[in-house]
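Enquirer: For reference, the file entry.cif (mmCIF, C-alpha atoms and all ligand atoms) is included below:
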data_target
#
loop_
_atom_site.label_atom_id
_atom_site.label_comp_id
_atom_site.auth_asym_id
_atom_site.auth_seq_id
_atom_site.Cartn_x
_atom_site.Cartn_y
_atom_site.Cartn_z
CA MET U 1 -85.56 131.65 91.77
CA ILE U 2 -84.86 128.30 93.49
CA LEU U 3 -81.40 126.73 93.24
CA ILE U 4 -80.69 122.99 93.50
CA THR U 5 -77.05 121.92 93.70
CA GLY U 6 -76.11 118.32 92.89
CA ALA U 7 -79.39 118.17 90.99
CA SER U 8 -78.47 115.13 88.87
CA GLY U 9 -78.16 112.99 91.99
CA GLN U 10 -80.66 110.61 93.53
CA ILE U 11 -82.76 113.19 95.41
CA GLY U 12 -82.28 116.12 93.02
CA VAL U 13 -84.13 114.64 90.06
CA ASP U 14 -87.34 113.94 92.01
CA LEU U 15 -87.15 117.08 94.12
CA ALA U 16 -86.79 119.23 90.99
CA ASP U 17 -89.89 117.58 89.46
CA GLU U 18 -91.93 118.53 92.51
CA LEU U 19 -90.53 122.08 92.75
CA VAL U 20 -91.26 122.71 89.05
CA ARG U 21 -94.79 121.38 89.61
CA ARG U 22 -95.26 123.77 92.54
CA HIS U 23 -93.53 126.90 91.26
CA GLY U 24 -93.97 126.57 87.52
CA PRO U 25 -91.51 126.26 84.63
CA GLY U 26 -88.49 128.58 84.59
CA ASN U 27 -88.31 129.03 88.36
CA VAL U 28 -86.06 126.13 89.32
CA LEU U 29 -82.35 126.31 88.49
CA VAL U 30 -80.82 122.82 88.51
CA THR U 31 -77.03 122.65 88.69
CA ASP U 32 -74.35 119.99 88.79
CA LEU U 33 -70.75 119.56 87.72
CA ARG U 34 -71.85 118.80 84.15
CA MET U 35 -74.87 119.49 81.98
CA PRO U 36 -76.97 116.30 81.69
CA GLU U 37 -77.22 114.61 78.28
CA LYS U 38 -81.01 114.74 78.41
CA GLN U 39 -82.74 117.83 79.81
CA ARG U 40 -86.15 117.60 81.45
CA PRO U 41 -88.83 120.23 80.74
CA GLY U 42 -89.52 123.17 83.06
CA ARG U 43 -86.04 123.41 84.58
CA VAL U 44 -83.31 125.96 83.94
CA TYR U 45 -79.89 124.30 83.70
CA ASP U 46 -76.42 125.53 84.67
CA VAL U 47 -73.06 124.15 85.78
CA LEU U 48 -71.87 124.68 89.37
CA ASP U 49 -68.95 123.35 91.39
CA VAL U 50 -69.85 124.13 95.00
CA THR U 51 -66.24 123.90 96.15
CA TYR U 52 -65.59 127.30 94.50
CA MET U 53 -66.98 130.13 96.59
CA GLU U 54 -66.86 132.65 93.70
CA SER U 55 -68.98 130.33 91.54
CA VAL U 56 -71.55 129.85 94.33
CA GLU U 57 -71.79 133.60 94.95
CA LYS U 58 -71.96 134.44 91.26
CA ILE U 59 -74.83 132.06 90.56
CA ILE U 60 -76.83 133.23 93.59
CA GLN U 61 -76.39 136.87 92.64
CA SER U 62 -76.85 136.59 88.89
CA ARG U 63 -79.91 134.31 89.09
CA ASP U 64 -81.55 136.12 92.00
CA ILE U 65 -81.73 132.99 94.16
CA SER U 66 -83.93 133.04 97.28
CA VAL U 67 -83.97 129.36 98.34
CA ILE U 68 -81.15 126.80 98.00
CA TYR U 69 -81.54 123.02 98.14
CA HIS U 70 -77.89 122.11 98.59
CA LEU U 71 -77.74 118.44 97.60
CA ALA U 72 -74.24 118.22 96.11
CA GLY U 73 -72.25 115.68 98.10
CA ILE U 74 -70.15 112.53 98.12
CA LEU U 75 -71.80 109.45 99.72
CA SER U 76 -70.38 107.04 102.28
CA ALA U 77 -68.75 104.31 100.20
CA THR U 78 -67.11 106.75 97.78
CA GLY U 79 -66.10 108.87 100.78
CA GLU U 80 -64.17 105.94 102.29
CA ARG U 81 -62.28 105.47 99.03
CA HIS U 82 -61.68 109.20 98.49
CA PRO U 83 -61.68 110.87 101.92
CA GLU U 84 -60.10 114.14 100.72
CA LEU U 85 -62.65 114.51 97.96
CA ALA U 86 -65.45 113.83 100.48
CA TRP U 87 -64.13 116.50 102.83
CA ASN U 88 -63.68 119.05 100.06
CA VAL U 89 -67.10 118.57 98.46
CA ASN U 90 -69.13 117.94 101.61
CA VAL U 91 -67.55 120.37 104.08
CA ASN U 92 -66.22 123.15 101.86
CA GLY U 93 -69.36 122.85 99.72
CA VAL U 94 -71.78 123.35 102.60
CA ARG U 95 -69.57 126.05 104.10
CA ASN U 96 -69.58 128.02 100.83
CA VAL U 97 -73.33 127.65 100.41
CA LEU U 98 -74.08 128.72 104.00
CA GLU U 99 -71.75 131.74 103.80
CA ALA U 100 -73.19 132.84 100.47
CA ALA U 101 -76.77 132.24 101.65
CA ARG U 102 -76.12 134.45 104.66
CA ARG U 103 -74.69 137.22 102.50
CA PHE U 104 -77.50 137.14 99.96
CA GLY U 105 -80.38 136.38 102.36
CA CYS U 106 -81.34 132.91 101.04
CA ARG U 107 -83.08 130.08 102.89
CA VAL U 108 -81.28 126.72 102.78
CA PHE U 109 -82.11 123.01 102.90
CA TRP U 110 -79.18 120.62 103.36
CA PRO U 111 -79.37 116.84 103.81
CA SER U 112 -77.49 115.19 106.65
CA SER U 113 -77.54 111.42 107.15
CA ILE U 114 -77.83 108.57 109.64
CA ALA U 115 -74.06 108.36 108.97
CA VAL U 116 -73.53 110.97 111.73
CA PHE U 117 -74.03 108.02 114.08
CA GLY U 118 -71.34 105.42 114.71
CA PRO U 119 -70.43 102.30 116.66
CA THR U 120 -70.87 104.03 120.05
CA THR U 121 -74.43 105.25 119.27
CA PRO U 122 -77.46 103.25 120.52
CA LYS U 123 -78.58 101.22 117.49
CA ILE U 124 -82.28 100.73 118.19
CA ASP U 125 -84.62 103.74 118.09
CA THR U 126 -81.58 106.01 117.96
CA PRO U 127 -82.57 109.22 119.76
CA GLN U 128 -82.35 112.73 118.29
CA ALA U 129 -79.70 113.85 120.80
CA THR U 130 -77.13 111.10 121.25
CA VAL U 131 -73.51 110.18 120.57
CA THR U 132 -72.31 111.29 117.12
CA GLU U 133 -68.92 109.65 116.71
CA PRO U 134 -69.04 108.30 113.15
CA GLY U 135 -66.46 105.82 111.90
CA THR U 136 -66.45 107.12 108.32
CA MET U 137 -65.16 110.27 106.62
CA TYR U 138 -68.65 110.76 105.18
CA GLY U 139 -70.07 110.70 108.72
CA ALA U 140 -67.40 113.17 109.88
CA THR U 141 -68.35 115.56 107.06
CA LYS U 142 -72.04 115.30 107.96
CA VAL U 143 -71.40 116.00 111.68
CA THR U 144 -69.28 118.99 110.66
CA GLY U 145 -71.97 120.20 108.25
CA GLU U 146 -74.64 119.92 110.96
CA LEU U 147 -72.54 122.03 113.33
CA LEU U 148 -71.94 124.63 110.60
CA CYS U 149 -75.70 124.81 109.99
CA LYS U 150 -76.34 125.37 113.67
CA PHE U 151 -73.59 128.00 113.87
CA HIS U 152 -75.06 129.99 110.98
CA ALA U 153 -78.59 129.65 112.34
CA THR U 154 -77.69 130.84 115.83
CA HIS U 155 -74.97 133.41 115.05
CA HIS U 156 -76.33 134.83 111.80
CA ASP U 157 -80.04 134.03 111.97
CA LEU U 158 -79.75 132.03 108.75
CA ASP U 159 -82.87 129.97 108.04
CA VAL U 160 -81.17 126.64 107.32
CA ARG U 161 -83.06 123.38 107.81
CA SER U 162 -81.89 119.79 107.62
CA VAL U 163 -82.85 116.14 108.05
CA ARG U 164 -80.72 113.07 108.70
CA PHE U 165 -81.80 110.90 105.79
CA PRO U 166 -81.83 107.14 106.11
CA GLY U 167 -81.23 105.03 102.96
CA ILE U 168 -83.44 106.31 100.15
CA ILE U 169 -85.08 103.98 97.66
CA SER U 170 -85.88 105.41 94.24
CA HIS U 171 -86.24 104.48 90.60
CA SER U 172 -85.84 107.70 88.60
CA ALA U 173 -82.16 108.34 89.36
CA PRO U 174 -79.72 105.71 90.62
CA PRO U 175 -77.90 106.31 93.90
CA GLY U 176 -74.13 106.52 93.57
CA GLY U 177 -71.51 105.35 96.03
CA GLY U 178 -73.69 104.80 99.09
CA THR U 179 -73.80 101.97 101.63
CA THR U 180 -77.59 101.64 101.33
CA ASP U 181 -77.46 101.26 97.51
CA TRP U 182 -78.24 97.52 97.82
CA ALA U 183 -81.84 98.41 98.64
CA VAL U 184 -82.18 100.00 95.17
CA ASP U 185 -79.94 97.58 93.22
CA MET U 186 -81.99 94.61 94.45
CA PHE U 187 -85.11 95.82 92.60
CA PHE U 188 -83.34 96.38 89.28
CA GLN U 189 -81.51 93.03 89.41
CA ALA U 190 -84.68 91.20 90.51
CA VAL U 191 -86.58 92.51 87.47
CA ARG U 192 -83.66 92.18 85.01
CA HIS U 193 -82.16 88.84 86.06
CA GLY U 194 -84.30 87.34 88.83
CA HIS U 195 -81.16 87.23 90.98
CA TYR U 196 -79.07 89.60 93.10
CA THR U 197 -75.79 89.25 94.95
CA CYS U 198 -76.08 91.60 97.89
CA PHE U 199 -73.00 93.35 99.31
CA VAL U 200 -74.23 93.19 102.92
CA THR U 201 -75.30 90.14 104.93
CA GLU U 202 -78.88 88.88 105.01
CA ASP U 203 -79.48 90.17 108.55
CA THR U 204 -78.12 93.70 107.94
CA ARG U 205 -80.96 95.99 108.99
CA LEU U 206 -81.02 99.72 108.22
CA PRO U 207 -83.53 102.58 108.38
CA MET U 208 -84.95 103.42 104.94
CA MET U 209 -87.44 105.66 103.13
CA TYR U 210 -89.14 105.71 99.71
CA MET U 211 -88.30 108.71 97.52
CA PRO U 212 -91.79 110.26 97.46
CA ASP U 213 -91.61 110.44 101.25
CA ALA U 214 -88.07 111.87 101.10
CA VAL U 215 -89.27 114.67 98.79
CA LYS U 216 -92.33 115.22 100.97
CA SER U 217 -90.11 115.50 104.07
CA VAL U 218 -87.94 118.18 102.45
CA LEU U 219 -90.94 120.24 101.37
CA ASP U 220 -92.84 119.76 104.67
CA LEU U 221 -89.78 120.92 106.58
CA MET U 222 -89.22 123.93 104.33
CA ASP U 223 -92.94 124.84 104.51
CA ALA U 224 -93.04 124.71 108.31
CA ASP U 225 -93.32 127.89 110.34
CA SER U 226 -89.84 128.91 111.53
CA ALA U 227 -91.08 129.05 115.14
CA CYS U 228 -91.74 125.28 114.98
CA ILE U 229 -88.16 124.40 114.07
CA SER U 230 -86.43 123.53 117.35
CA ILE U 231 -83.52 121.57 115.82
CA ARG U 232 -80.98 123.56 113.81
CA THR U 233 -78.42 120.79 113.44
CA SER U 234 -80.52 118.15 111.67
CA TYR U 235 -83.72 116.19 112.38
CA ASN U 236 -83.73 112.40 112.78
CA LEU U 237 -86.01 110.95 110.12
CA THR U 238 -87.21 107.50 109.09
CA ALA U 239 -90.06 105.64 107.42
CA PHE U 240 -89.30 101.96 108.11
CA SER U 241 -86.40 99.56 108.70
CA PHE U 242 -85.69 96.25 107.00
CA SER U 243 -82.85 93.80 106.54
CA SER U 244 -81.63 92.77 103.09
CA GLY U 245 -83.17 89.32 103.68
CA GLU U 246 -86.53 90.89 104.53
CA LEU U 247 -86.42 93.05 101.39
CA ALA U 248 -85.64 89.97 99.28
CA GLU U 249 -88.64 88.24 100.89
CA ALA U 250 -90.90 91.25 100.21
CA ILE U 251 -89.80 91.27 96.53
CA ARG U 252 -90.46 87.49 96.33
CA ALA U 253 -94.11 88.19 97.15
CA TYR U 254 -94.30 89.69 93.60
CA ILE U 255 -91.46 87.78 91.85
CA PRO U 256 -91.67 84.29 93.41
CA ASP U 257 -88.56 82.94 91.60
CA PHE U 258 -86.33 85.78 92.76
CA THR U 259 -83.15 84.55 94.45
CA CYS U 260 -80.61 86.50 96.47
CA ASP U 261 -77.20 85.55 97.80
CA TYR U 262 -74.84 87.55 99.97
CA ALA U 263 -71.20 88.54 99.46
CA PRO U 264 -70.39 91.26 102.00
CA ASP U 265 -67.62 93.72 101.05
CA PHE U 266 -66.08 96.80 102.77
CA ARG U 267 -69.52 98.43 102.98
CA GLN U 268 -70.56 95.83 105.60
CA ASP U 269 -68.45 97.58 108.26
CA ILE U 270 -70.08 100.91 107.44
CA ALA U 271 -73.58 99.41 107.60
CA ASP U 272 -72.75 97.68 110.90
CA SER U 273 -71.75 101.04 112.42
CA TRP U 274 -75.12 102.67 111.62
CA PRO U 275 -78.42 102.50 113.53
CA GLN U 276 -80.99 99.81 112.78
CA SER U 277 -83.94 102.04 113.60
CA ILE U 278 -84.43 105.74 114.28
CA ASP U 279 -86.56 107.72 116.73
CA ASP U 280 -87.90 110.62 114.64
CA SER U 281 -90.42 111.89 117.20
CA CYS U 282 -88.93 115.44 117.16
CA ALA U 283 -89.70 115.76 113.43
CA ARG U 284 -93.18 114.34 114.03
CA GLU U 285 -93.85 116.80 116.85
CA ASP U 286 -92.24 119.92 115.38
CA TRP U 287 -93.46 119.84 111.78
CA ASN U 288 -95.88 116.90 111.69
CA TRP U 289 -93.60 114.52 109.81
CA GLN U 290 -95.54 111.45 108.70
CA PRO U 291 -94.35 109.05 105.97
CA GLU U 292 -96.96 107.71 103.54
CA TYR U 293 -95.30 104.50 102.31
CA ASP U 294 -94.79 101.35 104.34
CA LEU U 295 -92.53 98.52 103.15
CA ASP U 296 -95.14 96.68 101.07
CA ALA U 297 -96.52 99.85 99.43
CA MET U 298 -92.95 100.88 98.54
CA VAL U 299 -92.07 97.44 97.10
CA ARG U 300 -95.25 97.37 94.95
CA ASP U 301 -94.68 100.88 93.60
CA MET U 302 -90.94 100.34 92.97
CA LEU U 303 -91.56 97.10 91.05
CA HIS U 304 -94.23 98.81 88.95
CA HIS U 305 -91.85 101.63 87.94
CA VAL U 306 -88.74 99.48 87.55
CA ARG U 307 -90.65 97.10 85.24
CA ILE U 308 -91.74 100.04 83.06
CA MET U 309 -88.16 101.41 82.92
CA ILE U 310 -86.61 98.06 82.05
CA GLY U 311 -89.38 97.35 79.52
CA LYS U 312 -88.51 100.63 77.78
CA GLU U 313 -84.77 99.77 77.81
CA GLN U 314 -85.46 96.39 76.22
CA ALA U 315 -88.00 97.68 73.66
C1 LIG U 401 -75.25 106.29 101.99
O1 LIG U 401 -75.49 105.07 102.02
O2 LIG U 401 -74.11 106.77 101.98
C2 LIG U 401 -76.43 107.24 102.04
C3 LIG U 401 -76.74 107.68 103.42
C4 LIG U 401 -77.46 106.80 104.34
O3 LIG U 401 -76.41 108.77 103.77
N1 LIG U 401 -77.57 106.62 101.43
#
Mind turning the file's structure into structure tokens?
Expert:
Amino acid sequence: MILITGASGQIGVDLADELVRRHGPGNVLVTDLRMPEKQRPGRVYDVLDVTYMESVEKIIQSRDISVIYHLAGILSATGERHPELAWNVNVNGVRNVLEAARRFGCRVFWPSSIAVFGPTTPKIDTPQATVTEPGTMYGATKVTGELLCKFHATHHDLDVRSVRFPGIISHSAPPGGGTTDWAVDMFFQAVRHGHYTCFVTEDTRLPMMYMPDAVKSVLDLMDADSACISIRTSYNLTAFSFSSGELAEAIRAYIPDFTCDYAPDFRQDIADSWPQSIDDSCAREDWNWQPEYDLDAMVRDMLHHVRIMIGKEQA
């Protein structure tokens, strides 16, 4: 059976859909701190707090888990407000999962982030191997997690694979507590109210990716032959970069009256410490990474889905 931790989060919902489609109903165990109010078909549900080693081991053993998508984690903005929580969930969580995976012979996917980079990292076309001195607790937990992955891969032959996700744009589950959340919020506010007040400045540019490509990247990486995987910390990954002003402009192509103003808050400093664009050539060479959505294709598809969702809410 396949285990997803943090399955109610932004990536988990879409990844579970795809895994159920591939492996059939009853083969994907989705877990989070609480049972969701509404259950989706095909999944098996359970509760799991990854900070408790006994719970992680028990679920792997009792459900005969062979692959773990360990998505449970605290994002950057929440991590700055609650650094101890971020350390406990992100570091102890990944440590427990890696230890248990080693003991029970599971394969693991774990998402890292562009947050491993910081103010001293080159900002344009940030290379795979470069300075990782993040300014945030979230970034510190991701650097630590990457090193733990590499340790388990090299010392224990654990098949753990990882990507450094940029901001992810999606409509089926909202992001929670991230610095790149503006790129999702803008769509919902544009459709609901025709206006958005963005929490970063107009020229804040960050690497981003549409959710279907994020899911594709996870599955492409996990499908790749082990001999092709040369990076056991985490692969740089991107689809495109845009500033908040450019996203507003791209949305205006479909909603001409849309207006956006800018009121930067504490998340501006986090965004300013991250790369503006990423060199993901290692992922392209090693496992043929290739995103399918460019900015305009993403904006068109997002607006289509967000309009349907908001139409349903208002009906
Ligand atoms: C966040 O903004 O915290 C995340 C990330 C880039 O890791 N979306």
Enquirer: Just the residues within 10 Å of range 299-302 of chain U, please, counting only C-alpha atoms, with nothing from its chain fewer than 5 positions along; format it as a list in words.
Expert: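 Once the adjacent positions are removed, what remains is Ile169, Ser170, His171, Ser172, Val184, Phe187, Phe188, Tyr210, Met211, Leu247, Ala250, Ile251, Ala253, Tyr254, Tyr293, Asp294, Arg307 and Ile308 of chain U.
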Enquirer: Please write the residues from the selection above to a file, keeping C-alpha atoms, as an mmCIF file, in the coordinates of the input.
Expert:
data_model
loop_
_atom_site.group_PDB
_atom_site.id
_atom_site.type_symbol
_atom_site.label_atom_id
_atom_site.label_comp_id
_atom_site.auth_asym_id
_atom_site.auth_seq_id
_atom_site.Cartn_x
_atom_site.Cartn_y
_atom_site.Cartn_z
ATOM 1 C CA ILE U 169 -85.080 103.980 97.660
ATOM 2 C CA SER U 170 -85.880 105.410 94.240
ATOM 3 C CA HIS U 171 -86.240 104.480 90.600
ATOM 4 C CA SER U 172 -85.840 107.700 88.600
ATOM 5 C CA VAL U 184 -82.180 100.000 95.170
ATOM 6 C CA PHE U 187 -85.110 95.820 92.600
ATOM 7 C CA PHE U 188 -83.340 96.380 89.280
ATOM 8 C CA TYR U 210 -89.140 105.710 99.710
ATOM 9 C CA MET U 211 -88.300 108.710 97.520
ATOM 10 C CA LEU U 247 -86.420 93.050 101.390
ATOM 11 C CA ALA U 250 -90.900 91.250 100.210
ATOM 12 C CA ILE U 251 -89.800 91.270 96.530
ATOM 13 C CA ALA U 253 -94.110 88.190 97.150
ATOM 14 C CA TYR U 254 -94.300 89.690 93.600
ATOM 15 C CA TYR U 293 -95.300 104.500 102.310
ATOM 16 C CA ASP U 294 -94.790 101.350 104.340
ATOM 17 C CA ARG U 307 -90.650 97.100 85.240
ATOM 18 C CA ILE U 308 -91.740 100.040 83.060
#
Enquirer: Interatomic distance between CA of Gly79 in chain U and CA of Tyr196 in chain U?
Expert: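 Pair CA of Gly79 in chain U / CA of Tyr196 in chain U returns 24.5 Å.
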Enquirer: Point out the residue among U:Pro166, U:Pro111, U:Val116, U:Arg63 with the least atom-to-atom distance to Thr130 in chain U, counting all atoms listed in the file.
Expert: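 Of all the options, U:Val116 lies closest to Thr130 in chain U.
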Enquirer: Using all atoms listed in the file, determine which residues fall within 10 Å of ligand LIG 401 (chain U), then list them as a compact mmCIF listing (two decimals) with C-alpha atoms, in the frame of the given file.
Expert:
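Written output follows (out_3.txt):
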# COMPACT_ATOMS: atom_id res chain seq x y z
CA GLN U 10 -80.66 110.61 93.53
CA GLY U 73 -72.25 115.68 98.10
CA ILE U 74 -70.15 112.53 98.12
CA LEU U 75 -71.80 109.45 99.72
CA SER U 76 -70.38 107.04 102.28
CA ALA U 77 -68.75 104.31 100.20
CA THR U 78 -67.11 106.75 97.78
CA GLY U 79 -66.10 108.87 100.78
CA GLU U 80 -64.17 105.94 102.29
CA PRO U 111 -79.37 116.84 103.81
CA SER U 112 -77.49 115.19 106.65
CA SER U 113 -77.54 111.42 107.15
CA ILE U 114 -77.83 108.57 109.64
CA ALA U 115 -74.06 108.36 108.97
CA VAL U 116 -73.53 110.97 111.73
CA THR U 136 -66.45 107.12 108.32
CA TYR U 138 -68.65 110.76 105.18
CA GLY U 139 -70.07 110.70 108.72
CA LYS U 142 -72.04 115.30 107.96
CA ARG U 164 -80.72 113.07 108.70
CA PHE U 165 -81.80 110.90 105.79
CA PRO U 166 -81.83 107.14 106.11
CA GLY U 167 -81.23 105.03 102.96
CA ILE U 168 -83.44 106.31 100.15
CA ILE U 169 -85.08 103.98 97.66
CA PRO U 175 -77.90 106.31 93.90
CA GLY U 176 -74.13 106.52 93.57
CA GLY U 177 -71.51 105.35 96.03
CA GLY U 178 -73.69 104.80 99.09
CA THR U 179 -73.80 101.97 101.63
CA THR U 180 -77.59 101.64 101.33
CA ASP U 181 -77.46 101.26 97.51
CA TRP U 182 -78.24 97.52 97.82
CA ALA U 183 -81.84 98.41 98.64
CA LEU U 206 -81.02 99.72 108.22
CA PRO U 207 -83.53 102.58 108.38
CA MET U 208 -84.95 103.42 104.94
CA ARG U 267 -69.52 98.43 102.98
CA ILE U 270 -70.08 100.91 107.44
CA ALA U 271 -73.58 99.41 107.60
CA TRP U 274 -75.12 102.67 111.62
Enquirer: In Å, how far is it from CA of Leu221 in chain U to CA of Arg95 in chain U?
Expert: 21.0 Å
Enquirer: For range 85-93 of chain U, take all atoms listed in the file, fit an axis-aligned box around them, add 8 Å to each of the six sides, then output centre and edge lengths in Å rounded to one decimal, as AutoDock Vina command-line options.
Expert:
--center_x -66.0 --center_y 118.5 --center_z 101.0 --size_x 22.7 --size_y 25.3 --size_z 22.1
Enquirer: Just add all heavy atoms to range 249-257 of chain U and send it as a PDB file, keeping the file's coordinate frame.
Expert:
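In the end it all went to out-v8.pdb:
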ATOM      1  N   GLU U 249     -87.371  88.951 100.640  1.00  0.00           N
ATOM      2  CA  GLU U 249     -88.640  88.240 100.890  1.00  0.00           C
ATOM      3  C   GLU U 249     -89.837  89.068 100.381  1.00  0.00           C
ATOM      4  O   GLU U 249     -90.761  88.534  99.758  1.00  0.00           O
ATOM      5  CB  GLU U 249     -88.758  88.025 102.411  1.00  0.00           C
ATOM      6  CG  GLU U 249     -89.686  86.931 102.864  1.00  0.00           C
ATOM      7  CD  GLU U 249     -89.407  85.598 102.190  1.00  0.00           C
ATOM      8  OE1 GLU U 249     -88.253  85.148 102.184  1.00  0.00           O
ATOM      9  OE2 GLU U 249     -90.377  85.026 101.641  1.00  0.00           O
ATOM     10  N   ALA U 250     -89.793  90.367 100.643  1.00  0.00           N
ATOM     11  CA  ALA U 250     -90.900  91.250 100.210  1.00  0.00           C
ATOM     12  C   ALA U 250     -90.968  91.297  98.678  1.00  0.00           C
ATOM     13  O   ALA U 250     -92.062  91.351  98.104  1.00  0.00           O
ATOM     14  CB  ALA U 250     -90.698  92.653 100.783  1.00  0.00           C
ATOM     15  N   ILE U 251     -89.811  91.271  98.010  1.00  0.00           N
ATOM     16  CA  ILE U 251     -89.800  91.270  96.530  1.00  0.00           C
ATOM     17  C   ILE U 251     -90.331  89.928  96.021  1.00  0.00           C
ATOM     18  O   ILE U 251     -91.073  89.862  95.030  1.00  0.00           O
ATOM     19  CB  ILE U 251     -88.378  91.564  95.999  1.00  0.00           C
ATOM     20  CG1 ILE U 251     -88.006  93.031  96.298  1.00  0.00           C
ATOM     21  CG2 ILE U 251     -88.267  91.271  94.501  1.00  0.00           C
ATOM     22  CD1 ILE U 251     -86.593  93.436  95.931  1.00  0.00           C
ATOM     23  N   ARG U 252     -89.990  88.833  96.741  1.00  0.00           N
ATOM     24  CA  ARG U 252     -90.460  87.490  96.330  1.00  0.00           C
ATOM     25  C   ARG U 252     -91.979  87.366  96.354  1.00  0.00           C
ATOM     26  O   ARG U 252     -92.541  86.530  95.662  1.00  0.00           O
ATOM     27  CB  ARG U 252     -89.820  86.418  97.214  1.00  0.00           C
ATOM     28  CG  ARG U 252     -88.674  85.693  96.489  1.00  0.00           C
ATOM     29  CD  ARG U 252     -88.246  84.440  97.185  1.00  0.00           C
ATOM     30  NE  ARG U 252     -87.695  84.729  98.498  1.00  0.00           N
ATOM     31  CZ  ARG U 252     -86.431  85.098  98.719  1.00  0.00           C
ATOM     32  NH1 ARG U 252     -85.577  85.192  97.726  1.00  0.00           N
ATOM     33  NH2 ARG U 252     -86.011  85.344  99.943  1.00  0.00           N
ATOM     34  N   ALA U 253     -92.638  88.221  97.137  1.00  0.00           N
ATOM     35  CA  ALA U 253     -94.110  88.190  97.150  1.00  0.00           C
ATOM     36  C   ALA U 253     -94.650  88.531  95.761  1.00  0.00           C
ATOM     37  O   ALA U 253     -95.756  88.125  95.397  1.00  0.00           O
ATOM     38  CB  ALA U 253     -94.651  89.152  98.192  1.00  0.00           C
ATOM     39  N   TYR U 254     -93.860  89.277  94.954  1.00  0.00           N
ATOM     40  CA  TYR U 254     -94.300  89.690  93.600  1.00  0.00           C
ATOM     41  C   TYR U 254     -93.510  88.977  92.496  1.00  0.00           C
ATOM     42  O   TYR U 254     -93.985  88.889  91.365  1.00  0.00           O
ATOM     43  CB  TYR U 254     -94.165  91.206  93.449  1.00  0.00           C
ATOM     44  CG  TYR U 254     -95.027  91.932  94.459  1.00  0.00           C
ATOM     45  CD1 TYR U 254     -94.511  92.320  95.691  1.00  0.00           C
ATOM     46  CD2 TYR U 254     -96.380  92.156  94.196  1.00  0.00           C
ATOM     47  CE1 TYR U 254     -95.311  92.945  96.637  1.00  0.00           C
ATOM     48  CE2 TYR U 254     -97.179  92.790  95.130  1.00  0.00           C
ATOM     49  CZ  TYR U 254     -96.642  93.175  96.353  1.00  0.00           C
ATOM     50  OH  TYR U 254     -97.443  93.779  97.286  1.00  0.00           O
ATOM     51  N   ILE U 255     -92.276  88.523  92.829  1.00  0.00           N
ATOM     52  CA  ILE U 255     -91.460  87.780  91.850  1.00  0.00           C
ATOM     53  C   ILE U 255     -91.034  86.485  92.554  1.00  0.00           C
ATOM     54  O   ILE U 255     -89.938  86.400  93.130  1.00  0.00           O
ATOM     55  CB  ILE U 255     -90.213  88.596  91.413  1.00  0.00           C
ATOM     56  CG1 ILE U 255     -90.613  89.986  90.908  1.00  0.00           C
ATOM     57  CG2 ILE U 255     -89.424  87.849  90.338  1.00  0.00           C
ATOM     58  CD1 ILE U 255     -89.436  90.885  90.502  1.00  0.00           C
ATOM     59  N   PRO U 256     -91.895  85.467  92.559  1.00  0.00           N
ATOM     60  CA  PRO U 256     -91.670  84.290  93.410  1.00  0.00           C
ATOM     61  C   PRO U 256     -90.342  83.567  93.144  1.00  0.00           C
ATOM     62  O   PRO U 256     -89.784  82.970  94.063  1.00  0.00           O
ATOM     63  CB  PRO U 256     -92.861  83.374  93.074  1.00  0.00           C
ATOM     64  CG  PRO U 256     -93.896  84.287  92.488  1.00  0.00           C
ATOM     65  CD  PRO U 256     -93.175  85.417  91.836  1.00  0.00           C
ATOM     66  N   ASP U 257     -89.808  83.667  91.905  1.00  0.00           N
ATOM     67  CA  ASP U 257     -88.560  82.940  91.600  1.00  0.00           C
ATOM     68  C   ASP U 257     -87.307  83.737  91.946  1.00  0.00           C
ATOM     69  O   ASP U 257     -86.190  83.268  91.705  1.00  0.00           O
ATOM     70  CB  ASP U 257     -88.509  82.600  90.102  1.00  0.00           C
ATOM     71  CG  ASP U 257     -89.590  81.599  89.736  1.00  0.00           C
ATOM     72  OD1 ASP U 257     -90.072  80.901  90.664  1.00  0.00           O
ATOM     73  OD2 ASP U 257     -89.976  81.544  88.555  1.00  0.00           O
TER      74      ASP U 257
END
